[in-house]
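Chemist: One structure is given below, represented as structure tokens, and several questions about it will come after.
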Number of protein chains: 2
Amino acid sequence: MTQLKIIEEKKVHGGIQRRYQHLSQVLGCEMVFTLFLHENSEKETSLIWFLSGLTCDDQNFATKGGFQRQANQLNLAVVIPDTSPRGKDIPDADQFDLGQGAGFYLNATQEPWSQNFQMYDYITEELSDIVKELIPNFSGNESIIGHSMGGYGALQIGLKNPNRFKSISAFAPISNPTEVPWGKKAFSTYLGDNHEDWKEWDPVHLVSESETGHAPILITQGSADEFYPEQLLEDKFKKAVEQSNHALNYQFEKDYDHSYYTIQTFIDQHLAFHADHLDG
Amino acid sequence: MTQLKIIEEKKVHGGIQRRYQHLSQVLGCEMVFTLFLHENSEKETSLIWFLSGLTCDDQNFATKGGFQRQANQLNLAVVIPDTSPRGKDIPDADQFDLGQGAGFYLNATQEPWSQNFQMYDYITEELSDIVKELIPNFSGNESIIGHSMGGYGALQIGLKNPNRFKSISAFAPISNPTEVPWGKKAFSTYLGDNHEDWKEWDPVHLVSESETGHAPILITQGSADEFYPEQLLEDKFKKAVEQSNHALNYQFEKDYDHSYYTIQTFIDQHLAFHADHLDG
């Protein structure tokens, strides 16, 4: 039985936002996550996952995402996991895009990472089981959002679980990690040099392989995003989606960049998109 | 002529938010401030000042205040100054509630503070002149908001300038600084031990002295604010307002604390309150 400790509790926009700490069996370390619950606890409640980007933890979106007003109005619960295992006994790299803060939401197979860097299993199994117990009147319905590395995570986890997530959305996702510097570095480190092993973690490959269809996808990308040209490769993802006859709502927003200011601007649209599919 | 340098520019909720750096003649150091401009630059635009609390700079409200959506809709400009002079040549104290980050929006008279800690003159004169030049179609109308130490600053500056600010609002203001630990410490350090010299900087005294009336005031206070019982003394301020027959809209909000989560929850109400008086 997991021991959960509440380390922060805030009232915000009518709802309650709690930060929890727990010992993760899957990751082998203490982890934190933040859960926002709307104020109408008697209403049936669906769950939104928000996966954050490189260097972030659960607090970036909690403090700067501006999601609470709309989540409260739409009777949504929102969970924000941390982005990797952490601690002085956990492997790390002296680089912002590898190791602690850069878990890439996959299951590592290579030493020394494989023992702790199992973020895919942590999110889809262990943390899921914990969070669902914390939501009064949980509807059983879930959707997933992410930003940058977390946008990659949302696409990857959403596409790998087509029967679980009702809808998927992303801000500036790393859409084709097997072809860009951030992704190649992380995948070769965590998954090894056999590129065949990378495919099951790449959204472009996952969309192309999908035969049963996937959940509706919304992507918001800012034109002033400094990482857009080199790291995100959304065009490859868009093309793969088109060829597989799936639906993608792709919004290219003039002058917005890679920051949380873009997220706070468009988060209401993303939550409304998910609410439509969660209720449907 | 002041040299202004733009050190950050962000599109957010349709508007543009710029962070500037400049050499302040009044404070004798490089200063930063943030200015948000709504997107309808052809519309007449009024200015809101937001004064931040102890330990903050201009970025706390900029990133966590959640004000941009409503400010853009109401065609408002919002300026966020830093909270004190800063730099290695500027006096400081090894305490969070004194020195750099704790300017208290007054003009210090005591050594070694008096040369640089002139935040009242900086805000009401030097920075005002700079900001007004940066606002297209400035209406000439201004209102002022603040949080905690900045809530004190908003009350103090607003009450000292009854013909300038159309309305005043505060989140959890230090309302009676001459009677609470934070205020006594700052005032004795910056203003000396003669308590007569403190009065002109205390909102309770300023309200009591005011004969010509003052701008309408809105205060939001959370019931779970850890500083409410000892540091804020809003009851003294409320009583002084009542005795002077002035109007105060005082909102006591259950379970909200001293954090920016409270500000982001009620900032739309504050901006709407100011817009009503700025247009009137």
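Following the order of the structure tokens, first chain is A, next is B, and so on, with residues numbered from 1 inside each chain and ligands from 1 in the order they appear.
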For chain A against chain B, which residues fall within 7 Å using only C-alpha atoms, given as number ranges by chain?

Modeler: A: 11-13, 63-64, 66, 255-256, 261-262, 265

Chemist: Residues of the last selection are to be written out with N, CA and C atoms, as a PDB file, in the first residue's frame.

Modeler:
ATOM      1  N   LYS A  11      -6.040  26.455  -2.273  1.00  0.00           N
ATOM      2  CA  LYS A  11      -7.316  26.720  -2.935  1.00  0.00           C
ATOM      3  C   LYS A  11      -7.056  27.664  -4.100  1.00  0.00           C
ATOM      4  N   VAL A  12      -7.604  27.324  -5.250  1.00  0.00           N
ATOM      5  CA  VAL A  12      -7.375  28.166  -6.423  1.00  0.00           C
ATOM      6  C   VAL A  12      -8.572  28.058  -7.359  1.00  0.00           C
ATOM      7  N   HIS A  13      -9.127  29.192  -7.739  1.00  0.00           N
ATOM      8  CA  HIS A  13     -10.289  29.247  -8.629  1.00  0.00           C
ATOM      9  C   HIS A  13     -11.404  28.310  -8.171  1.00  0.00           C
ATOM     10  N   THR A  63       1.944  26.342 -11.415  1.00  0.00           N
ATOM     11  CA  THR A  63       2.022  27.765 -11.075  1.00  0.00           C
ATOM     12  C   THR A  63       1.824  28.682 -12.274  1.00  0.00           C
ATOM     13  N   LYS A  64       2.229  28.240 -13.480  1.00  0.00           N
ATOM     14  CA  LYS A  64       2.248  29.146 -14.627  1.00  0.00           C
ATOM     15  C   LYS A  64       1.309  28.741 -15.754  1.00  0.00           C
ATOM     16  N   GLY A  66      -2.054  28.368 -15.765  1.00  0.00           N
ATOM     17  CA  GLY A  66      -3.323  29.089 -15.828  1.00  0.00           C
ATOM     18  C   GLY A  66      -4.512  28.223 -16.196  1.00  0.00           C
ATOM     19  N   ASP A 255       3.677  34.408 -33.655  1.00  0.00           N
ATOM     20  CA  ASP A 255       4.484  35.149 -32.660  1.00  0.00           C
ATOM     21  C   ASP A 255       4.537  34.512 -31.270  1.00  0.00           C
ATOM     22  N   TYR A 256       3.872  33.397 -31.069  1.00  0.00           N
ATOM     23  CA  TYR A 256       3.987  32.740 -29.760  1.00  0.00           C
ATOM     24  C   TYR A 256       5.237  31.866 -29.725  1.00  0.00           C
ATOM     25  N   TYR A 261       3.835  31.105 -21.385  1.00  0.00           N
ATOM     26  CA  TYR A 261       2.897  32.143 -21.812  1.00  0.00           C
ATOM     27  C   TYR A 261       2.019  31.634 -22.958  1.00  0.00           C
ATOM     28  N   THR A 262       2.593  30.811 -23.821  1.00  0.00           N
ATOM     29  CA  THR A 262       1.802  30.212 -24.904  1.00  0.00           C
ATOM     30  C   THR A 262       0.809  29.204 -24.328  1.00  0.00           C
ATOM     31  N   THR A 265      -2.083  30.896 -22.686  1.00  0.00           N
ATOM     32  CA  THR A 265      -2.963  31.546 -23.660  1.00  0.00           C
ATOM     33  C   THR A 265      -3.963  30.560 -24.274  1.00  0.00           C
TER      34      THR A 265
END

Chemist: Can you pull out the residues contacting A:Leu155? Cut-off 10 Å, using only C-alpha atoms, and skip same-chain residues under 6 positions away; I want them as a short mmCIF file (atom, residue, chain, number, x, y, z; two decimals) with C-alpha atoms, in the first residue's frame.

Modeler:
data_model
loop_
_atom_site.label_atom_id
_atom_site.label_comp_id
_atom_site.auth_asym_id
_atom_site.auth_seq_id
_atom_site.Cartn_x
_atom_site.Cartn_y
_atom_site.Cartn_z
CA ILE A 144 -3.76 13.64 -22.05
CA ILE A 145 -1.91 16.91 -22.75
CA GLY A 146 1.80 17.72 -22.81
CA ASN A 161 -3.22 3.34 -25.59
CA SER A 167 -8.35 12.70 -26.77
CA ILE A 168 -4.74 13.85 -27.03
CA SER A 169 -3.27 17.34 -27.22
CA ALA A 170 0.16 18.90 -27.24
CA PRO A 173 5.65 18.50 -29.11
CA ILE A 174 8.88 16.72 -30.05
CA SER A 175 6.87 14.88 -32.69
CA TRP A 201 8.38 5.13 -28.81
CA ASP A 202 8.12 7.47 -31.83
CA PRO A 203 4.75 9.16 -32.53
CA VAL A 204 5.36 9.23 -36.31
CA LEU A 206 2.99 4.89 -33.92
CA VAL A 207 0.56 6.84 -36.08
CA ALA A 215 -8.10 9.50 -30.33
CA ILE A 217 -5.45 15.10 -31.64
CA LEU A 218 -5.00 18.85 -31.14
CA ILE A 219 -1.58 20.48 -31.51
#

Chemist: Please determine, counting only C-alpha atoms, which residue among B:Ile7, B:Ala71, B:Leu159, B:Ile123 has the shortest atom-to-atom distance to B:Glu209.

Modeler: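 Closest to B:Glu209 of all the choices is B:Leu159.
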
Chemist: Please return, as a ChimeraX atom specification, all residues of stretch 80-280 of chain B that DSSP assigns to alpha helix (DSSP H) on the basis of the backbone.

Modeler: /B:119-121,128-134,149-160,181-191,203-209,234-243,260-279

Chemist: Deliver the residues from the most recent selection as a file, using C-alpha atoms, as an mmCIF file, in the first residue's frame.

Modeler:
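Result file is out-v1.cif:
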data_model
loop_
_atom_site.group_PDB
_atom_site.id
_atom_site.type_symbol
_atom_site.label_atom_id
_atom_site.label_comp_id
_atom_site.auth_asym_id
_atom_site.auth_seq_id
_atom_site.Cartn_x
_atom_site.Cartn_y
_atom_site.Cartn_z
ATOM 1 C CA MET B 119 11.125 53.656 -4.279
ATOM 2 C CA TYR B 120 8.267 56.136 -3.801
ATOM 3 C CA ASP B 121 9.926 58.729 -6.025
ATOM 4 C CA SER B 128 5.903 56.845 -14.458
ATOM 5 C CA ASP B 129 7.506 59.161 -17.000
ATOM 6 C CA ILE B 130 9.164 56.225 -18.765
ATOM 7 C CA VAL B 131 6.093 53.989 -18.869
ATOM 8 C CA LYS B 132 3.684 56.619 -20.124
ATOM 9 C CA GLU B 133 5.858 57.074 -23.212
ATOM 10 C CA LEU B 134 5.610 53.353 -23.953
ATOM 11 C CA MET B 149 4.093 44.679 0.920
ATOM 12 C CA GLY B 150 2.912 45.798 -2.524
ATOM 13 C CA GLY B 151 -0.666 45.943 -1.221
ATOM 14 C CA TYR B 152 0.671 48.345 1.368
ATOM 15 C CA GLY B 153 2.415 50.213 -1.455
ATOM 16 C CA ALA B 154 -0.798 50.473 -3.473
ATOM 17 C CA LEU B 155 -2.790 51.827 -0.504
ATOM 18 C CA GLN B 156 -0.032 54.246 0.500
ATOM 19 C CA ILE B 157 0.721 55.577 -2.986
ATOM 20 C CA GLY B 158 -2.962 55.670 -3.935
ATOM 21 C CA LEU B 159 -3.957 57.533 -0.777
ATOM 22 C CA LYS B 160 -1.081 60.005 -1.065
ATOM 23 C CA PRO B 181 6.597 43.488 12.953
ATOM 24 C CA TRP B 182 7.357 43.775 9.222
ATOM 25 C CA GLY B 183 6.446 47.438 9.129
ATOM 26 C CA LYS B 184 8.139 48.462 12.382
ATOM 27 C CA LYS B 185 11.353 46.806 11.258
ATOM 28 C CA ALA B 186 11.314 48.480 7.851
ATOM 29 C CA PHE B 187 10.191 51.905 9.062
ATOM 30 C CA SER B 188 12.720 52.087 11.923
ATOM 31 C CA THR B 189 15.473 51.035 9.504
ATOM 32 C CA TYR B 190 14.531 53.271 6.595
ATOM 33 C CA LEU B 191 12.893 56.207 8.429
ATOM 34 C CA PRO B 203 -2.388 53.831 5.171
ATOM 35 C CA VAL B 204 -4.398 53.977 8.415
ATOM 36 C CA HIS B 205 -3.048 57.438 9.139
ATOM 37 C CA LEU B 206 -3.417 58.542 5.524
ATOM 38 C CA VAL B 207 -7.083 57.520 5.413
ATOM 39 C CA SER B 208 -7.807 59.257 8.694
ATOM 40 C CA GLU B 209 -6.146 62.462 7.530
ATOM 41 C CA GLU B 234 -6.757 45.116 7.987
ATOM 42 C CA ASP B 235 -9.341 45.633 10.737
ATOM 43 C CA LYS B 236 -7.582 48.819 11.793
ATOM 44 C CA PHE B 237 -7.672 50.012 8.209
ATOM 45 C CA LYS B 238 -11.343 49.069 7.787
ATOM 46 C CA LYS B 239 -12.232 50.953 10.959
ATOM 47 C CA ALA B 240 -10.284 54.032 9.849
ATOM 48 C CA VAL B 241 -12.057 53.956 6.474
ATOM 49 C CA GLU B 242 -15.465 53.680 8.152
ATOM 50 C CA GLN B 243 -14.747 56.581 10.477
ATOM 51 C CA TYR B 260 -0.246 33.883 -6.137
ATOM 52 C CA TYR B 261 -2.973 31.224 -6.441
ATOM 53 C CA THR B 262 -5.219 33.673 -4.601
ATOM 54 C CA ILE B 263 -4.148 36.495 -6.882
ATOM 55 C CA GLN B 264 -4.781 34.499 -10.068
ATOM 56 C CA THR B 265 -8.216 33.538 -8.734
ATOM 57 C CA PHE B 266 -9.414 37.090 -8.061
ATOM 58 C CA ILE B 267 -7.342 39.209 -10.445
ATOM 59 C CA ASP B 268 -10.178 39.316 -13.006
ATOM 60 C CA GLN B 269 -12.431 40.900 -10.370
ATOM 61 C CA HIS B 270 -9.774 43.449 -9.497
ATOM 62 C CA LEU B 271 -9.168 44.400 -13.118
ATOM 63 C CA ALA B 272 -12.904 44.734 -13.768
ATOM 64 C CA PHE B 273 -13.222 46.955 -10.672
ATOM 65 C CA HIS B 274 -10.458 49.217 -11.956
ATOM 66 C CA ALA B 275 -11.792 49.268 -15.520
ATOM 67 C CA ASP B 276 -15.140 50.530 -14.194
ATOM 68 C CA HIS B 277 -13.452 53.476 -12.504
ATOM 69 C CA LEU B 278 -10.936 54.141 -15.260
ATOM 70 C CA ASP B 279 -13.684 54.470 -17.845
#

Chemist: Quick one: everything within 6 Å of stretch 34-47 of chain B, counting only C-alpha atoms, minus sequence neighbours fewer than 4 positions away in the same chain. Send it as number ranges by chain.

Modeler: B: 14-19, 72, 75-80, 137-139, 141-142

Chemist: Could you list, as a PyMOL selection string, every residue within 8 Å of B:Leu54, counting only C-alpha atoms and ignoring same-chain residues fewer than 6 positions away?

Modeler: chain B and resi 83+96-97+101-102+148-150

Chemist: Suppose you want the space between atom CA of A:Asp58 and atom CA of A:Val32; what is it in Å?

Modeler: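 Distance reported for this atom pair: 7.4 Å.
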
Chemist: Enumerate as a PyMOL selection string all residues of stretch 7-133 of chain B assigned to strand (DSSP E) by DSSP on the backbone, naming them with the chain letters and numbers the document uses.

Modeler: chain B and resi 7-12+15-24+29-37+45-51+76-81

Chemist: Considering only C-alpha atoms, return as a PyMOL selection string whatever protein or nucleic-acid residues lie within 12 Å of B:Asp89, sequence-local ones (same chain, fewer than 3 positions apart) excluded.

Modeler: chain B and resi 27-30+85-86+92+100+112-113+115-116

Chemist: Interatomic distance between atom CA of A:Ala172 and atom CA of A:Leu106?

Modeler: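 So the two atoms, atom CA of A:Ala172 and atom CA of A:Leu106, lie 18.7 Å apart.
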
Chemist: Kindly give the distance, in Å, that separates atom CA of B:Tyr250 and atom CA of B:Asn176, rounded to a single decimal.

Modeler: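 Taking atom CA of B:Tyr250 and atom CA of B:Asn176, their separation equals 15.6 Å.
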